[in-house]
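Undergrad: Quick one, work13.txt (compact mmCIF, C-alpha atoms and all ligand atoms):
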# COMPACT_ATOMS: atom_id res chain seq x y z
CA MET A 1 215.24 -86.61 28.89
CA SER A 2 217.96 -87.55 31.37
CA PRO A 3 216.74 -89.08 34.66
CA PHE A 4 216.59 -86.61 37.50
CA LEU A 5 216.81 -89.33 40.10
CA GLU A 6 218.68 -92.56 39.60
CA ALA A 7 219.79 -95.59 41.58
CA ARG A 8 222.81 -97.40 40.17
CA GLN A 9 223.46 -100.90 41.50
CA VAL A 10 222.33 -99.80 44.95
CA ARG A 11 222.62 -102.17 47.94
CA LYS A 12 221.53 -101.83 51.51
CA LEU A 13 222.66 -104.18 54.26
CA PHE A 14 221.31 -104.08 57.80
CA PRO A 15 222.75 -105.97 60.76
CA GLY A 16 220.33 -108.77 61.76
CA ARG A 17 220.16 -111.41 64.48
CA SER A 18 220.95 -114.26 62.11
CA GLY A 19 223.45 -112.44 59.88
CA ARG A 20 223.31 -109.44 57.61
CA ILE A 21 219.99 -108.59 56.04
CA CYS A 22 220.30 -107.67 52.40
CA ALA A 23 217.23 -105.44 52.08
CA VAL A 24 218.17 -104.05 48.64
CA ASP A 25 220.57 -106.02 46.48
CA GLY A 26 221.87 -104.29 43.37
CA VAL A 27 218.97 -102.18 42.14
CA SER A 28 219.20 -99.84 39.17
CA LEU A 29 216.21 -97.59 38.58
CA ALA A 30 215.71 -94.17 37.02
CA LEU A 31 212.92 -91.63 37.40
CA GLN A 32 212.17 -89.02 34.76
CA PRO A 33 210.82 -85.62 35.83
CA GLY A 34 207.05 -85.68 36.30
CA GLU A 35 206.55 -89.41 35.83
CA VAL A 36 204.66 -91.79 38.09
CA LEU A 37 206.62 -94.94 38.83
CA ALA A 38 204.87 -97.67 40.81
CA LEU A 39 207.14 -99.89 42.89
CA VAL A 40 205.29 -103.12 43.58
CA GLY A 41 206.10 -106.20 45.65
CA GLU A 42 205.30 -108.24 48.73
CA SER A 43 205.94 -107.14 52.27
CA GLY A 44 209.63 -107.10 53.20
CA CYS A 45 210.98 -107.09 49.62
CA GLY A 46 212.80 -103.78 50.20
CA LYS A 47 210.45 -101.16 48.72
CA SER A 48 210.62 -98.70 51.63
CA THR A 49 214.38 -99.12 52.05
CA LEU A 50 214.94 -98.37 48.36
CA ALA A 51 212.59 -95.37 48.52
CA LEU A 52 214.36 -93.92 51.58
CA MET A 53 217.72 -94.21 49.79
CA LEU A 54 216.27 -92.45 46.73
CA ALA A 55 214.91 -89.68 48.97
CA GLY A 56 218.33 -89.21 50.60
CA LEU A 57 216.98 -90.33 54.00
CA GLU A 58 218.93 -93.60 54.16
CA ARG A 59 222.52 -94.12 53.00
CA ALA A 60 223.30 -96.86 50.49
CA THR A 61 225.81 -99.50 51.62
CA ALA A 62 227.08 -99.76 48.02
CA GLY A 63 226.22 -98.34 44.62
CA GLN A 64 225.16 -94.78 43.90
CA VAL A 65 222.08 -92.62 44.15
CA CYS A 66 222.28 -89.62 41.82
CA PHE A 67 220.09 -86.53 41.83
CA GLU A 68 220.26 -84.45 38.66
CA GLY A 69 223.35 -86.43 37.66
CA GLU A 70 225.29 -85.92 40.90
CA GLU A 71 225.87 -88.54 43.56
CA ILE A 72 224.04 -87.52 46.73
CA ALA A 73 226.60 -89.26 48.97
CA GLY A 74 228.86 -86.28 48.20
CA PHE A 75 226.26 -83.61 49.09
CA ASP A 76 227.03 -81.21 51.93
CA ARG A 77 224.37 -80.35 54.54
CA ALA A 78 222.93 -77.44 52.57
CA ARG A 79 222.49 -79.53 49.41
CA LEU A 80 221.00 -82.43 51.37
CA LYS A 81 218.50 -80.03 52.94
CA ALA A 82 217.60 -78.69 49.49
CA LEU A 83 217.20 -82.27 48.22
CA ARG A 84 214.89 -83.08 51.13
CA ARG A 85 212.80 -80.11 50.24
CA ARG A 86 212.46 -81.17 46.61
CA ILE A 87 211.73 -84.83 47.38
CA GLN A 88 208.94 -85.23 49.91
CA VAL A 89 207.94 -88.52 51.51
CA ILE A 90 204.35 -89.42 52.45
CA PHE A 91 204.06 -92.37 54.77
CA GLN A 92 201.50 -95.13 55.02
CA ASP A 93 199.92 -94.27 58.32
CA PRO A 94 198.12 -90.93 58.48
CA TYR A 95 197.42 -91.57 62.18
CA GLU A 96 201.05 -91.84 63.21
CA SER A 97 202.59 -89.26 60.93
CA LEU A 98 200.73 -86.19 62.31
CA ASN A 99 201.64 -84.65 65.66
CA PRO A 100 198.33 -84.69 67.60
CA THR A 101 199.20 -81.60 69.66
CA MET A 102 199.38 -79.29 66.63
CA SER A 103 196.60 -77.79 64.53
CA VAL A 104 196.44 -78.60 60.83
CA GLY A 105 197.57 -75.02 60.08
CA GLN A 106 200.62 -75.39 62.32
CA LEU A 107 201.44 -78.79 60.84
CA VAL A 108 201.35 -77.48 57.26
CA ALA A 109 203.30 -74.31 58.21
CA GLU A 110 206.05 -76.19 60.03
CA PRO A 111 208.09 -77.23 56.95
CA LEU A 112 208.07 -73.60 55.80
CA LEU A 113 209.62 -72.57 59.13
CA VAL A 114 212.19 -75.41 59.03
CA HIS A 115 213.29 -74.37 55.54
CA GLY A 116 213.10 -70.60 56.29
CA LEU A 117 210.67 -70.10 53.41
CA ALA A 118 207.90 -67.92 54.80
CA PRO A 119 209.27 -65.09 56.88
CA ASP A 120 206.01 -63.52 57.98
CA ARG A 121 202.78 -64.84 59.38
CA ALA A 122 200.59 -63.57 56.53
CA SER A 123 202.63 -65.22 53.76
CA ARG A 124 202.76 -68.44 55.79
CA ALA A 125 198.99 -68.42 56.22
CA ALA A 126 198.52 -67.82 52.47
CA GLN A 127 200.83 -70.72 51.58
CA VAL A 128 199.10 -73.02 54.07
CA ALA A 129 195.70 -72.09 52.59
CA ARG A 130 196.98 -72.80 49.07
CA ALA A 131 198.38 -76.19 50.08
CA LEU A 132 195.11 -77.15 51.80
CA GLU A 133 193.12 -76.05 48.78
CA ALA A 134 195.39 -78.14 46.51
CA VAL A 135 194.46 -81.27 48.48
CA GLY A 136 190.75 -80.45 48.49
CA LEU A 137 190.43 -79.14 52.07
CA SER A 138 188.83 -75.77 52.80
CA GLY A 139 190.71 -73.12 54.81
CA ASP A 140 188.75 -73.80 58.01
CA PHE A 141 190.55 -77.14 58.33
CA ALA A 142 193.59 -75.10 59.46
CA ASP A 143 192.11 -74.76 62.97
CA ARG A 144 191.30 -78.45 63.40
CA ARG A 145 193.44 -81.03 65.17
CA PRO A 146 194.35 -84.43 63.67
CA HIS A 147 191.93 -86.33 65.94
CA GLN A 148 189.04 -84.32 64.45
CA LEU A 149 189.79 -85.65 60.95
CA SER A 150 188.87 -88.82 59.08
CA GLY A 151 191.62 -91.11 57.78
CA GLY A 152 191.27 -89.73 54.26
CA GLN A 153 191.41 -86.13 55.52
CA ARG A 154 194.52 -86.93 57.56
CA GLN A 155 196.24 -88.35 54.50
CA ARG A 156 195.24 -85.19 52.59
CA VAL A 157 196.86 -83.11 55.36
CA ALA A 158 200.01 -85.27 55.08
CA ILE A 159 200.06 -84.53 51.34
CA ALA A 160 199.52 -80.79 52.01
CA ILE A 161 202.52 -80.85 54.39
CA ALA A 162 204.59 -82.28 51.52
CA LEU A 163 203.16 -79.90 48.89
CA VAL A 164 203.76 -76.69 50.80
CA LEU A 165 207.47 -77.06 49.96
CA GLU A 166 206.70 -77.30 46.23
CA PRO A 167 208.51 -80.60 45.67
CA VAL A 168 209.41 -82.09 42.30
CA LEU A 169 208.83 -85.64 43.54
CA LEU A 170 206.48 -87.20 46.04
CA VAL A 171 207.56 -90.54 47.44
CA ALA A 172 204.25 -92.04 48.50
CA ASP A 173 204.91 -95.17 50.59
CA GLU A 174 201.65 -97.14 50.53
CA PRO A 175 199.64 -93.94 50.97
CA VAL A 176 196.25 -95.64 50.71
CA SER A 177 196.79 -99.05 52.29
CA MET A 178 195.51 -97.95 55.73
CA LEU A 179 192.42 -96.30 54.27
CA ASP A 180 188.97 -97.68 53.58
CA ALA A 181 188.40 -98.78 50.00
CA SER A 182 185.79 -96.02 49.62
CA ILE A 183 188.31 -93.22 50.23
CA ARG A 184 191.31 -94.77 48.49
CA ALA A 185 190.11 -93.67 45.06
CA GLY A 186 189.89 -90.03 46.23
CA ILE A 187 193.54 -90.02 47.34
CA LEU A 188 194.69 -91.78 44.15
CA ASN A 189 192.79 -89.21 42.07
CA LEU A 190 194.42 -86.42 44.07
CA LEU A 191 197.89 -87.80 43.29
CA ALA A 192 196.94 -88.09 39.63
CA ASP A 193 195.70 -84.45 39.62
CA LEU A 194 198.87 -83.17 41.27
CA ARG A 195 200.92 -84.84 38.63
CA ARG A 196 198.74 -83.57 35.78
CA GLU A 197 198.27 -80.01 37.04
CA ARG A 198 201.66 -79.39 38.66
CA GLY A 199 203.94 -81.85 36.90
CA ILE A 200 204.97 -83.42 40.22
CA GLY A 201 206.52 -86.88 39.82
CA VAL A 202 205.39 -89.68 42.12
CA LEU A 203 207.23 -92.78 43.29
CA PHE A 204 204.18 -94.76 44.29
CA ILE A 205 204.89 -97.75 46.53
CA THR A 206 202.12 -100.27 46.69
CA HIS A 207 201.09 -103.88 47.21
CA ASP A 208 198.17 -103.16 44.98
CA LEU A 209 198.70 -103.79 41.27
CA ALA A 210 195.22 -102.45 40.52
CA ALA A 211 196.16 -99.09 42.10
CA ALA A 212 199.45 -99.14 40.17
CA ALA A 213 197.50 -99.68 36.95
CA CYS A 214 195.34 -96.55 37.58
CA LEU A 215 198.17 -94.20 38.33
CA ALA A 216 201.52 -95.31 36.94
CA ASP A 217 203.38 -94.57 33.72
CA ARG A 218 205.90 -97.24 34.60
CA VAL A 219 205.93 -100.20 36.95
CA ALA A 220 208.89 -101.81 38.72
CA VAL A 221 208.30 -105.18 40.38
CA MET A 222 210.54 -106.03 43.33
CA TYR A 223 211.28 -109.44 44.82
CA LEU A 224 213.68 -110.11 47.69
CA GLY A 225 215.76 -106.97 47.21
CA ARG A 226 215.87 -106.95 43.40
CA ILE A 227 213.83 -105.40 40.61
CA VAL A 228 212.77 -108.49 38.64
CA GLU A 229 210.77 -106.63 35.98
CA GLN A 230 210.31 -103.00 34.99
CA GLY A 231 208.81 -101.19 32.06
CA PRO A 232 205.86 -99.14 30.80
CA ALA A 233 202.79 -99.86 32.97
CA GLN A 234 200.74 -101.07 30.04
CA ALA A 235 203.47 -103.49 28.87
CA VAL A 236 204.23 -104.91 32.33
CA LEU A 237 200.60 -105.26 33.40
CA SER A 238 199.16 -106.58 30.18
CA GLY A 239 202.20 -108.53 28.97
CA PRO A 240 204.18 -109.52 32.08
CA ARG A 241 207.39 -111.42 31.27
CA HIS A 242 208.60 -112.50 34.71
CA PRO A 243 206.87 -115.45 36.43
CA TYR A 244 206.63 -113.43 39.66
CA THR A 245 204.81 -110.53 37.95
CA ARG A 246 202.50 -113.05 36.32
CA ALA A 247 201.70 -114.58 39.73
CA LEU A 248 200.99 -111.15 41.24
CA LEU A 249 198.57 -110.45 38.40
CA GLU A 250 196.93 -113.86 38.66
CA ALA A 251 196.41 -113.27 42.38
CA LEU A 252 194.20 -110.25 41.56
CA PRO A 253 191.54 -109.22 42.49
CA VAL A 254 192.98 -110.07 45.91
CA THR A 255 195.04 -106.92 45.88
CA ASP A 256 197.24 -107.55 48.89
CA PRO A 257 199.88 -110.09 47.86
CA ARG A 258 200.43 -111.02 51.49
CA GLN A 259 197.17 -112.87 51.26
CA ARG A 260 196.59 -116.55 50.73
CA ARG A 261 195.94 -116.58 47.03
CA LEU A 262 199.48 -115.58 46.10
CA ARG A 263 200.89 -118.08 48.58
CA ALA A 264 198.79 -120.79 47.00
CA LEU A 265 199.98 -119.82 43.53
CA LEU A 266 203.63 -119.64 44.49
CA GLY A 267 203.86 -122.24 47.20
CA GLY A 268 205.07 -120.79 50.46
CA GLU A 269 206.80 -117.76 51.82
CA THR A 270 209.51 -115.51 50.43
CA PRO A 271 212.95 -116.62 51.70
CA SER A 272 214.59 -114.44 54.38
CA PRO A 273 216.67 -111.50 53.13
CA ALA A 274 219.29 -112.71 55.66
CA GLN A 275 219.67 -115.91 53.57
CA ILE A 276 219.17 -115.04 49.93
CA PRO A 277 219.16 -118.28 47.91
CA GLU A 278 221.84 -118.96 45.32
CA GLY A 279 220.90 -118.79 41.66
CA CYS A 280 217.63 -117.07 40.82
CA ARG A 281 216.32 -115.78 44.14
CA PHE A 282 212.79 -116.65 43.03
CA HIS A 283 213.53 -120.31 42.21
CA SER A 284 212.10 -121.81 45.42
CA ARG A 285 208.67 -120.39 44.53
CA CYS A 286 208.76 -120.21 40.75
CA PRO A 287 206.24 -122.43 38.96
CA LEU A 288 208.55 -122.48 35.88
CA ALA A 289 211.84 -123.16 37.70
CA MET A 290 214.39 -125.34 35.86
CA ALA A 291 217.37 -127.18 37.36
CA ARG A 292 219.81 -124.44 36.45
CA CYS A 293 217.70 -121.74 38.14
CA ALA A 294 219.15 -123.03 41.44
CA HIS A 295 222.67 -121.88 40.52
CA CYS A 296 222.40 -119.22 37.75
CA ASP A 297 221.49 -115.68 38.80
CA PRO A 298 219.61 -114.06 35.89
CA SER A 299 220.48 -110.52 34.76
CA PRO A 300 217.84 -108.12 33.44
CA VAL A 301 217.31 -108.57 29.70
CA THR A 302 215.25 -106.59 27.24
CA ALA A 303 211.70 -107.88 27.03
CA GLY A 304 210.23 -105.09 24.89
CA LEU A 305 210.58 -101.35 24.39
CA GLN A 306 212.05 -99.97 27.64
CA HIS A 307 210.86 -103.20 29.26
CA GLN A 308 213.24 -105.50 31.14
CA ALA A 309 212.89 -108.70 33.12
CA ALA A 310 215.41 -110.91 34.92
CA CYS A 311 214.58 -114.53 34.12
CA LEU A 312 216.70 -117.25 32.50
CA LEU A 313 213.78 -118.19 30.25
CA LEU A 314 214.08 -114.78 28.59
CA GLU A 315 217.86 -115.04 28.30
CA GLU A 316 217.31 -118.18 26.29
CA GLY A 317 214.65 -116.48 24.22
CA ALA A 318 212.14 -119.06 25.42
CA GLY A 319 209.03 -118.73 27.56
CA LYS A 320 207.41 -116.08 25.39
N1 LIG A 401 216.38 -100.47 60.00
C1 LIG A 401 216.36 -101.77 59.73
N2 LIG A 401 217.11 -102.65 60.43
C2 LIG A 401 217.10 -103.96 60.14
N3 LIG A 401 216.37 -104.53 59.15
C3 LIG A 401 215.61 -103.70 58.42
C4 LIG A 401 215.54 -102.29 58.67
N4 LIG A 401 214.68 -101.73 57.76
C5 LIG A 401 214.23 -102.74 57.01
N5 LIG A 401 214.78 -103.91 57.40
C6 LIG A 401 214.55 -105.24 56.79
O1 LIG A 401 214.82 -105.12 55.40
C7 LIG A 401 213.88 -105.85 54.62
C8 LIG A 401 213.17 -104.91 53.68
O2 LIG A 401 212.34 -104.02 54.46
P1 LIG A 401 211.44 -102.88 53.82
O3 LIG A 401 210.79 -102.18 54.95
O4 LIG A 401 212.26 -102.06 52.89
O5 LIG A 401 210.39 -103.73 53.01
P2 LIG A 401 209.01 -103.27 52.31
O6 LIG A 401 209.01 -103.87 50.95
O7 LIG A 401 208.86 -101.80 52.42
O8 LIG A 401 207.93 -104.03 53.22
P3 LIG A 401 206.40 -103.58 53.58
O9 LIG A 401 205.60 -103.81 52.32
O10 LIG A 401 206.01 -104.52 54.68
O11 LIG A 401 206.44 -102.15 54.00
C9 LIG A 401 212.95 -106.54 55.64
O12 LIG A 401 213.44 -107.83 55.88
C10 LIG A 401 213.10 -105.68 56.88
O13 LIG A 401 212.86 -106.44 58.04
S1 LIG A 402 215.15 -117.77 36.25
FE1 LIG A 402 214.09 -119.71 36.64
S2 LIG A 402 213.36 -119.58 38.75
FE2 LIG A 402 213.91 -117.51 38.09
S3 LIG A 402 212.04 -116.63 37.38
FE3 LIG A 402 213.02 -117.51 35.58
S4 LIG A 402 212.24 -119.58 35.39
FE4 LIG A 402 211.71 -118.85 37.45
MG MG A 403 207.44 -100.60 53.35
In structure tokens, write the structure found in this file.
Ligand SMILES: Nc1ncnc2c1ncn2[C@@H]1O[C@H](COP(=O)(O)OP(=O)(O)OP(=O)(O)O)[C@@H](O)[C@H]1O
Ligand code: SF4
Ligand SMILES: [Mg+2]
TA:
Amino acid sequence: MSPFLEARQVRKLFPGRSGRICAVDGVSLALQPGEVLALVGESGCGKSTLALMLAGLERATAGQVCFEGEEIAGFDRARLKALRRRIQVIFQDPYESLNPTMSVGQLVAEPLLVHGLAPDRASRAAQVARALEAVGLSGDFADRRPHQLSGGQRQRVAIAIALVLEPVLLVADEPVSMLDASIRAGILNLLADLRRERGIGVLFITHDLAAAACLADRVAVMYLGRIVEQGPAQAVLSGPRHPYTRALLEALPVTDPRQRRLRALLGGETPSPAQIPEGCRFHSRCPLAMARCAHCDPSPVTAGLQHQAACLLLEEGAGK
């Protein structure tokens, strides 16, 4: 199957106080229809920036993003609007993303109005009810306001707002990281059901490798603007080939890699994306670094079936 969404050597530079910030630095990634791809990495590694470029909400500085084989940079307004209907983004914070002055029914109906999809009140109400039902909320939630909902219910409403447009892909940017552990599983199960029952693909952005393991078909691990390893979830999580992926896994069950355990394993902080180190960008923290890692930038090499990692140890065929 050809990818329906693809990044080819995509870069994103932002102006910063101490020089240009290279948030995404030459990423190639493809999504197949209906698959769940988990994008994993520490805070600031470029996950959200990459996701926004894939969703057509942020323009790439270089490289290409292609939807169904066509570069989206060339899309006119009508095609961009259609793309934004088919790819829906769910953000991390269900408290911020819902307008508190609107009822749940109005919030879920709004995208239909914006896209001119439900001409009359009755068909709008029916579509809103269907979207709420799909996320496990009964129809009487339509009259409630966001402040009357729990965090998990708010995130379900955010997903209903995305679903009402019948997308082919949900970009879920840390959709459970603000929620209590007890309600995280419910939202993850909902995403899994939507994929199974409706064939909706999910780009699932997370710090949490354990959550990635529950949901994903494939995993891509990002470090300082690059994908350092990607492949089938089972292969990456049970046979990681890149030292960074191994460290993330060793840091479990502390699931947030910002926490101390990963720092202890890797020694220190990620370098600034305004000053990306020469050579392998992971060398200042890599427990296996060799002298030449400071000046050779590794390219992704095959590490198994549809499994790639960018490490000089693999290029040499060592470190297995
Ligand atoms: N609009 C912007 N202007 C300037 N710098 C930006 C902008 N957006 C992101 N950045 C910078 O780009 C880098 C990558 O940010 P991004 O938000 O993509 O990371 P992330 O992996 O999503 O992090 P987190 O896990 O904390 O959400 C960071 O250094 C960030 O400060
Ligand atoms: S190339 Fe060197 S520094 Fe980079 S991950 Fe491999 S061993 Fe570590
Ligand atoms: Mg982010």
Undergrad: Produce as a PyMOL selection string the set of residues near ligand LIG 401 (chain A), where near means within 9 Å with only C-alpha atoms and all ligand atoms considered.
TA: chain A and resi 12-16+20-24+40-52+92+173-174+205-207+222-225+258+272-274
Undergrad: Please identify the residues whose atoms come within 8 Å of ligand LIG 402 (chain A), using all atoms listed in the file, and report them as a list of chain:residue names.
TA: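 Counting all atoms listed in the file, the residues within 8 Å of ligand LIG 402 (chain A) come out as A:His242, A:Pro243, A:Tyr244, A:Gly279, A:Cys280, A:Arg281, A:Phe282, A:His283, A:Ser284, A:Arg285, A:Cys286, A:Pro287, A:Leu288, A:Ala289, A:Met290, A:Arg292, A:Cys293, A:Ala294, A:Cys296, A:Asp297, A:Pro298, A:Ala310, A:Cys311, A:Leu312, A:Leu313, A:Leu314.
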Undergrad: List the spatial neighbours of Gly56 in chain A as a list in words - criterion: any atom at most 8 Å away, only C-alpha atoms, same-chain residues fewer than 4 positions off excluded.
TA: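 Within the cut-off, the hits are Leu52, Ile72, Leu80, Leu83 and Arg84 of chain A.
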Undergrad: Measuring atom to atom with all atoms listed in the file, identify which of A:Val202, A:Leu248, A:Val108, A:Ala309 is nearest to Pro146 in chain A.
TA: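 Nearest candidate to Pro146 in chain A out of A:Val202, A:Leu248, A:Val108, A:Ala309: A:Val108.
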Undergrad: Tell me, in Å to one decimal, how far CA of Ser28 in chain A is from CA of Val10 in chain A.
TA: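 Atom-to-atom, CA of Ser28 in chain A and CA of Val10 in chain A are spaced 6.6 Å apart.
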Undergrad: Pick out the residues sitting within 7 Å of Ala109 in chain A, and hand them over as a list in words; count all atoms listed in the file, and ignore anything fewer than 4 positions along from it in its own chain.
TA: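 Residues meeting the cut-off are Gly105, Leu113, Arg124 and Val128 of chain A.
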Undergrad: Measure the distance from CA of Leu249 in chain A to CA of Val228 in chain A in Å and round it to one decimal.
TA: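 CA of Val228 in chain A lies at a distance of 14.3 Å from CA of Leu249 in chain A.
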Undergrad: Need to verify the contact set: range 137-140 of chain A, 9 Å, only C-alpha atoms, exclusion of same-chain residues closer than 4 positions in sequence. Can you return it as an mmCIF file with C-alpha atoms, keeping the file's coordinate frame?
TA:
data_model
loop_
_atom_site.group_PDB
_atom_site.id
_atom_site.type_symbol
_atom_site.label_atom_id
_atom_site.label_comp_id
_atom_site.auth_asym_id
_atom_site.auth_seq_id
_atom_site.Cartn_x
_atom_site.Cartn_y
_atom_site.Cartn_z
ATOM 1 C CA GLY A 105 197.570 -75.020 60.080
ATOM 2 C CA VAL A 128 199.100 -73.020 54.070
ATOM 3 C CA ALA A 129 195.700 -72.090 52.590
ATOM 4 C CA ARG A 130 196.980 -72.800 49.070
ATOM 5 C CA ALA A 131 198.380 -76.190 50.080
ATOM 6 C CA LEU A 132 195.110 -77.150 51.800
ATOM 7 C CA GLU A 133 193.120 -76.050 48.780
ATOM 8 C CA ARG A 144 191.300 -78.450 63.400
ATOM 9 C CA GLN A 153 191.410 -86.130 55.520
ATOM 10 C CA ARG A 156 195.240 -85.190 52.590
ATOM 11 C CA VAL A 157 196.860 -83.110 55.360
#
